[in-house]
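Each remark here refers to the structure printed beneath this line.
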Amino acid sequence: MGATLGTAPAKRRSRRRGSGGGYRPMAEINVTPMVDVMLVLLVIFMITAPLLTAGIPVNLPQTKADALSEPTEPLVVTVNGEGKIYLQETEVPLESLVARLQAITANKPDTKIYVRGDKAINYGRVMEVMGLVKSAGFAQVALIVEQPAETQTGTQIGN
């Protein structure tokens, strides 16, 4: 009987030491939560980035002219497929277009203004808008067209 009593406490001590006798800090960093957060952010940015660049949907005509590089962002006048006129992304009646342009540019005639016209509408409507802008004193008026499928960057034509 004494032999069994002497071995039992030794087993208990070894269990305590091995299973949780002392606190040991973990020396590894768990990166799984960080990877999860980064993947969620990546998906959010991939979904929202194209939405931020889209303005008024216009089906632009295509051309093979070279793209122009611009140091500053110009004003864009858009004529959509229904013939409605937009200044940047705000719908504007044709009668108040010149007044709005002059208010935005502070009567600087050297401001570049680009006209985007849907290829489904009448060419005369686009030229009417372009002529109105030129007659208001803005000398740098250009058309924006779409490059063919090979290059896919916007191009400006005219002056």
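How things are named: the first chain in the structure tokens is A, the next is B, and so on; residues count from 1 in each chain; ligands count from 1 in the order shown.
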**Study point:** DSSP-assigned strand (DSSP E) among region 30-147 of chain A, expressed as JSON, numbers by chain
**Key:** {"A": [75, 76, 77, 78, 79, 85, 86, 87, 90, 91, 112, 113, 114, 115, 116, 117, 140, 141, 142, 143, 144, 145, 146]}
Point to revise | Separation of CA of Ile85 (chain A) from CA of Leu97 (chain A), in Å and rounded to one decimal | key: 8.4 Å
Point to revise | Residue contacts of Lys119 (chain A) (10 Å, only C-alpha atoms) excluding same-chain residues fewer than 5 positions away, as a VMD selection string | key: chain A and resid 58 to 62 79 to 81 126 145
Output of the above residues as a PDB file, in the first residue's frame, restricted to all heavy atoms:
ATOM      1  N   VAL A  58     -22.858  58.113 -71.306  1.00  0.00           N
ATOM      2  CA  VAL A  58     -22.925  58.608 -72.674  1.00  0.00           C
ATOM      3  C   VAL A  58     -22.189  57.612 -73.558  1.00  0.00           C
ATOM      4  O   VAL A  58     -21.092  57.181 -73.230  1.00  0.00           O
ATOM      5  CB  VAL A  58     -22.264  60.008 -72.790  1.00  0.00           C
ATOM      6  CG1 VAL A  58     -22.218  60.465 -74.224  1.00  0.00           C
ATOM      7  CG2 VAL A  58     -23.008  61.012 -71.955  1.00  0.00           C
ATOM      8  N   ASN A  59     -22.788  57.269 -74.672  1.00  0.00           N
ATOM      9  CA  ASN A  59     -22.163  56.373 -75.629  1.00  0.00           C
ATOM     10  C   ASN A  59     -21.393  57.236 -76.626  1.00  0.00           C
ATOM     11  O   ASN A  59     -21.962  57.771 -77.571  1.00  0.00           O
ATOM     12  CB  ASN A  59     -23.242  55.533 -76.323  1.00  0.00           C
ATOM     13  CG  ASN A  59     -22.655  54.416 -77.128  1.00  0.00           C
ATOM     14  OD1 ASN A  59     -21.459  54.158 -77.066  1.00  0.00           O
ATOM     15  ND2 ASN A  59     -23.497  53.750 -77.890  1.00  0.00           N
ATOM     16  N   LEU A  60     -20.082  57.411 -76.407  1.00  0.00           N
ATOM     17  CA  LEU A  60     -19.265  58.319 -77.206  1.00  0.00           C
ATOM     18  C   LEU A  60     -18.898  57.694 -78.548  1.00  0.00           C
ATOM     19  O   LEU A  60     -18.702  56.483 -78.638  1.00  0.00           O
ATOM     20  CB  LEU A  60     -17.984  58.680 -76.455  1.00  0.00           C
ATOM     21  CG  LEU A  60     -18.161  59.495 -75.176  1.00  0.00           C
ATOM     22  CD1 LEU A  60     -16.828  59.626 -74.459  1.00  0.00           C
ATOM     23  CD2 LEU A  60     -18.716  60.855 -75.486  1.00  0.00           C
ATOM     24  N   PRO A  61     -18.777  58.508 -79.602  1.00  0.00           N
ATOM     25  CA  PRO A  61     -18.272  57.986 -80.872  1.00  0.00           C
ATOM     26  C   PRO A  61     -16.787  57.664 -80.745  1.00  0.00           C
ATOM     27  O   PRO A  61     -16.103  58.183 -79.872  1.00  0.00           O
ATOM     28  CB  PRO A  61     -18.511  59.134 -81.858  1.00  0.00           C
ATOM     29  CG  PRO A  61     -18.642  60.341 -81.025  1.00  0.00           C
ATOM     30  CD  PRO A  61     -19.150  59.910 -79.687  1.00  0.00           C
ATOM     31  N   GLN A  62     -16.289  56.815 -81.668  1.00  0.00           N
ATOM     32  CA  GLN A  62     -14.895  56.393 -81.595  1.00  0.00           C
ATOM     33  C   GLN A  62     -14.068  57.056 -82.693  1.00  0.00           C
ATOM     34  O   GLN A  62     -14.571  57.374 -83.755  1.00  0.00           O
ATOM     35  CB  GLN A  62     -14.790  54.875 -81.747  1.00  0.00           C
ATOM     36  CG  GLN A  62     -15.440  54.140 -80.601  1.00  0.00           C
ATOM     37  CD  GLN A  62     -15.282  52.654 -80.734  1.00  0.00           C
ATOM     38  OE1 GLN A  62     -14.799  52.155 -81.726  1.00  0.00           O
ATOM     39  NE2 GLN A  62     -15.683  51.929 -79.706  1.00  0.00           N
ATOM     40  N   VAL A  79     -24.025  66.103 -73.501  1.00  0.00           N
ATOM     41  CA  VAL A  79     -25.350  65.995 -74.103  1.00  0.00           C
ATOM     42  C   VAL A  79     -25.638  64.497 -74.170  1.00  0.00           C
ATOM     43  O   VAL A  79     -24.985  63.771 -74.917  1.00  0.00           O
ATOM     44  CB  VAL A  79     -25.389  66.625 -75.513  1.00  0.00           C
ATOM     45  CG1 VAL A  79     -26.786  66.565 -76.075  1.00  0.00           C
ATOM     46  CG2 VAL A  79     -24.887  68.061 -75.471  1.00  0.00           C
ATOM     47  N   ASN A  80     -26.612  64.034 -73.358  1.00  0.00           N
ATOM     48  CA  ASN A  80     -26.864  62.595 -73.299  1.00  0.00           C
ATOM     49  C   ASN A  80     -27.758  62.144 -74.456  1.00  0.00           C
ATOM     50  O   ASN A  80     -28.129  62.938 -75.323  1.00  0.00           O
ATOM     51  CB  ASN A  80     -27.437  62.187 -71.934  1.00  0.00           C
ATOM     52  CG  ASN A  80     -28.850  62.677 -71.705  1.00  0.00           C
ATOM     53  OD1 ASN A  80     -29.445  63.336 -72.533  1.00  0.00           O
ATOM     54  ND2 ASN A  80     -29.390  62.337 -70.547  1.00  0.00           N
ATOM     55  N   GLY A  81     -28.122  60.873 -74.461  1.00  0.00           N
ATOM     56  CA  GLY A  81     -28.900  60.290 -75.544  1.00  0.00           C
ATOM     57  C   GLY A  81     -30.290  60.869 -75.688  1.00  0.00           C
ATOM     58  O   GLY A  81     -30.913  60.762 -76.755  1.00  0.00           O
ATOM     59  N   VAL A 126     -25.463  68.612 -80.655  1.00  0.00           N
ATOM     60  CA  VAL A 126     -24.122  68.765 -80.089  1.00  0.00           C
ATOM     61  C   VAL A 126     -23.479  70.043 -80.614  1.00  0.00           C
ATOM     62  O   VAL A 126     -22.872  70.805 -79.870  1.00  0.00           O
ATOM     63  CB  VAL A 126     -23.248  67.528 -80.412  1.00  0.00           C
ATOM     64  CG1 VAL A 126     -21.828  67.721 -79.918  1.00  0.00           C
ATOM     65  CG2 VAL A 126     -23.850  66.278 -79.811  1.00  0.00           C
ATOM     66  N   VAL A 145     -14.258  62.234 -77.668  1.00  0.00           N
ATOM     67  CA  VAL A 145     -14.678  61.001 -78.318  1.00  0.00           C
ATOM     68  C   VAL A 145     -13.991  59.828 -77.639  1.00  0.00           C
ATOM     69  O   VAL A 145     -13.063  60.004 -76.857  1.00  0.00           O
ATOM     70  CB  VAL A 145     -14.343  61.007 -79.833  1.00  0.00           C
ATOM     71  CG1 VAL A 145     -15.128  62.072 -80.548  1.00  0.00           C
ATOM     72  CG2 VAL A 145     -12.873  61.188 -80.066  1.00  0.00           C
TER      73      VAL A 145
END
Exercise for review: Please measure the separation of CA of Pro50 (chain A) and CA of Lys84 (chain A), giving the value in Å to one decimal.
Suggested key: 23.7 Å
